[in-house]
$ cat query-v6.txt   # compact mmCIF, C-alpha atoms
# COMPACT_ATOMS: atom_id res chain seq x y z
CA MET A 6 -28.86 2.07 -116.51
CA LEU A 7 -32.06 1.53 -118.53
CA VAL A 8 -33.63 -1.93 -118.73
CA THR A 9 -36.73 -2.29 -120.92
CA ALA A 10 -39.02 -5.27 -121.54
CA VAL A 11 -40.57 -5.03 -125.01
CA GLY A 12 -43.51 -6.72 -126.64
CA ASN A 13 -46.65 -8.40 -125.35
CA PHE A 14 -44.81 -11.08 -123.37
CA ASP A 15 -44.80 -11.91 -119.65
CA ASN A 16 -41.26 -10.84 -118.76
CA THR A 17 -39.24 -10.76 -115.55
CA ILE A 18 -36.71 -7.98 -114.94
CA ASP A 19 -34.79 -8.84 -111.76
CA LEU A 20 -32.03 -6.61 -110.41
CA SER A 21 -32.39 -7.77 -106.80
CA GLY A 22 -28.76 -8.95 -106.77
CA VAL A 23 -27.39 -5.51 -107.71
CA THR A 24 -25.90 -3.55 -104.79
CA PRO A 25 -24.45 -0.03 -104.47
CA THR A 26 -20.93 -1.50 -104.40
CA ASP A 27 -21.46 -2.89 -107.92
CA PHE A 28 -21.21 0.65 -109.31
CA THR A 29 -18.73 3.34 -108.32
CA GLN A 30 -20.32 6.34 -110.07
CA PRO A 31 -21.96 8.76 -107.60
CA GLY A 32 -25.70 9.12 -108.15
CA PHE A 33 -25.96 5.96 -110.28
CA ASN A 34 -29.52 4.69 -110.53
CA THR A 35 -31.59 2.31 -112.60
CA ARG A 36 -34.75 2.71 -114.67
CA LEU A 37 -36.79 -0.47 -115.20
CA VAL A 38 -39.58 -0.29 -117.78
CA ALA A 39 -42.13 -3.10 -118.19
CA GLY A 40 -43.59 -4.06 -121.57
CA ASP A 41 -47.19 -4.75 -122.60
CA GLY A 42 -47.36 -8.20 -120.96
CA ASN A 43 -47.97 -9.11 -117.32
CA ASP A 44 -44.43 -8.41 -116.14
CA LEU A 45 -42.56 -8.83 -112.86
CA VAL A 46 -40.11 -5.97 -112.25
CA ILE A 47 -37.77 -6.30 -109.25
CA GLY A 48 -35.60 -3.36 -108.25
CA SER A 49 -32.11 -3.34 -106.78
CA ALA A 50 -30.56 -1.96 -103.59
CA LEU A 51 -29.98 1.27 -105.55
CA ASP A 52 -32.43 4.13 -106.14
CA ASP A 53 -34.63 2.64 -108.89
CA THR A 54 -37.37 3.99 -111.12
CA LEU A 55 -39.95 1.29 -111.90
CA GLU A 56 -42.50 1.86 -114.64
CA GLY A 57 -45.35 -0.51 -115.44
CA GLY A 58 -46.37 -0.93 -119.06
CA GLY A 59 -49.66 -1.93 -120.63
CA GLY A 60 -50.13 -5.21 -118.76
CA ASN A 61 -51.01 -6.13 -115.20
CA ASP A 62 -47.54 -5.80 -113.71
CA THR A 63 -45.98 -6.46 -110.32
CA LEU A 64 -43.44 -3.78 -109.39
CA ARG A 65 -41.21 -4.69 -106.45
CA GLY A 66 -38.85 -2.03 -105.11
CA GLY A 67 -35.61 -2.77 -103.37
CA LEU A 68 -33.72 -1.15 -100.52
CA GLY A 69 -33.06 2.20 -102.21
CA ASP A 70 -35.29 5.27 -102.58
CA ASP A 71 -37.54 4.06 -105.41
CA SER A 72 -39.99 5.85 -107.72
CA TYR A 73 -43.02 4.12 -109.22
CA GLU A 74 -44.15 5.98 -112.35
CA PHE A 75 -47.59 5.86 -113.98
CA GLY A 76 -49.16 7.61 -116.93
CA LEU A 77 -46.73 7.13 -119.78
CA TYR A 78 -48.85 4.46 -121.47
CA ALA A 79 -52.61 4.04 -121.85
CA PRO A 80 -54.25 1.83 -120.81
CA LEU A 81 -51.88 0.84 -118.04
CA GLY A 82 -53.54 -2.26 -116.61
CA SER A 83 -53.79 -3.08 -112.90
CA ASP A 84 -50.36 -2.99 -111.31
CA THR A 85 -49.35 -4.35 -107.91
CA LEU A 86 -46.68 -2.56 -105.87
CA GLU A 87 -44.58 -4.48 -103.36
CA GLU A 88 -42.15 -2.66 -101.10
CA LEU A 89 -39.94 -3.94 -98.29
CA ALA A 90 -40.38 -2.50 -94.82
CA GLY A 91 -37.47 -0.12 -94.28
CA GLY A 92 -36.86 -0.11 -98.03
CA GLY A 93 -35.99 3.57 -98.25
CA ARG A 94 -38.14 6.60 -99.07
CA ASP A 95 -40.31 5.79 -102.06
CA TRP A 96 -42.45 7.86 -104.42
CA LEU A 97 -45.61 7.36 -106.46
CA VAL A 98 -45.39 9.55 -109.58
CA PHE A 99 -48.53 10.16 -111.67
CA PHE A 100 -48.02 12.15 -114.88
CA SER A 101 -50.43 14.87 -115.97
CA GLU A 102 -52.28 12.79 -118.59
CA VAL A 103 -53.49 10.51 -115.76
CA GLY A 104 -55.48 13.36 -114.17
CA GLY A 105 -56.65 13.27 -110.56
CA VAL A 106 -55.95 10.19 -108.46
CA THR A 107 -56.76 9.11 -104.91
CA VAL A 108 -54.51 6.68 -103.05
CA ASP A 109 -55.02 5.39 -99.49
CA LEU A 110 -51.49 4.60 -98.28
CA GLY A 111 -52.86 3.01 -95.12
CA SER A 112 -54.75 0.32 -97.02
CA THR A 113 -53.42 -3.02 -98.22
CA ALA A 114 -56.53 -3.65 -100.34
CA ALA A 115 -56.52 -3.26 -104.13
CA GLN A 116 -57.41 0.30 -105.15
CA ALA A 117 -58.69 1.72 -108.44
CA VAL A 118 -57.05 5.15 -108.47
CA HIS A 119 -57.96 6.03 -112.08
CA ALA A 120 -59.85 4.43 -114.97
CA ASN A 121 -56.57 3.29 -116.60
CA LEU A 122 -54.85 2.21 -113.36
$ encode --input "query-v6.txt" --output "structure tokens"
Amino acid sequence: MLVTAVGNFDNTIDLSGVTPTDFTQPGFNTRLVAGDGNDLVIGSALDDTLEGGGGNDTLRGGLGDDSYEFGLYAPLGSDTLEELAGGGRDWLVFFSEVGGVTVDLGSTAAQAVHANL
């Protein structure tokens, strides 16, 4: 399922109430794409892909194995990632146009990992 926020608005995409029993197809997952505003994107209990847009977004994964994708838009803004303890195995995905990045996974402080991030 693809859910996209469009335009330069401050949107909320919230799938926190969606559980694996809501869908019977094996391998079903969701892709949540923020718009250009300062959006709040909340994943489900499924394996979600969360993608921040041009604004300063908050991306909140759920219980599944989530992917956070960066580099499809420029500039991306300053995004905040929030993940539940025990919320599955999660991934940070940086596409090639982003270039080199450095992330300290042991830090809770804000990090500038690239000029556009």
$ closest_residue --input "query-v6.txt" --among "A:Gly69, A:Gly42, A:Ala114, A:Gly93" --to "Leu81 in chain A" --atoms "only C-alpha atoms"
A:Gly42
$ residues_around --input "query-v6.txt" --residues "Leu86 in chain A" --least-positions-apart "3" --cutoff "8 Å" --atoms "all atoms listed in the file" --output "list of chain:residue names"
A:Thr63, A:Leu64, A:Arg65, A:Gly66
$ residues_around --input "query-v6.txt" --residues "range 49-57 of chain A" --least-positions-apart "3" --cutoff "9 Å" --atoms "all atoms listed in the file" --output "count of residues only"
42
$ closest_residue --input "query-v6.txt" --among "A:Gly48, A:Ile18, A:Ala117, A:Asn43" --to "Leu89 in chain A" --atoms "all atoms listed in the file"
A:Gly48
$ axis_aligned_box --input "query-v6.txt" --around "range 55-58 of chain A" --padding-each-side "6 Å" --output "JSON"
{"center_x": -43.2, "center_y": 0.5, "center_z": -115.5, "size_x": 18.4, "size_y": 14.8, "size_z": 19.2}
$ atom_distance --input "query-v6.txt" --atom1 "CA of Asn16 in chain A" --atom2 "CA of Leu45 in chain A"
6.4 Å
$ closest_residue --input "query-v6.txt" --among "A:Asp95, A:Leu110, A:Asp15, A:Ala115" --to "Gly59 in chain A" --atoms "all atoms listed in the file"
A:Asp15
$ atom_distance --input "query-v6.txt" --atom1 "CA of Leu97 in chain A" --atom2 "CA of Gly76 in chain A"
11.1 Å
$ atom_distance --input "query-v6.txt" --atom1 "CA of Thr107 in chain A" --atom2 "CA of Thr17 in chain A"
28.5 Å
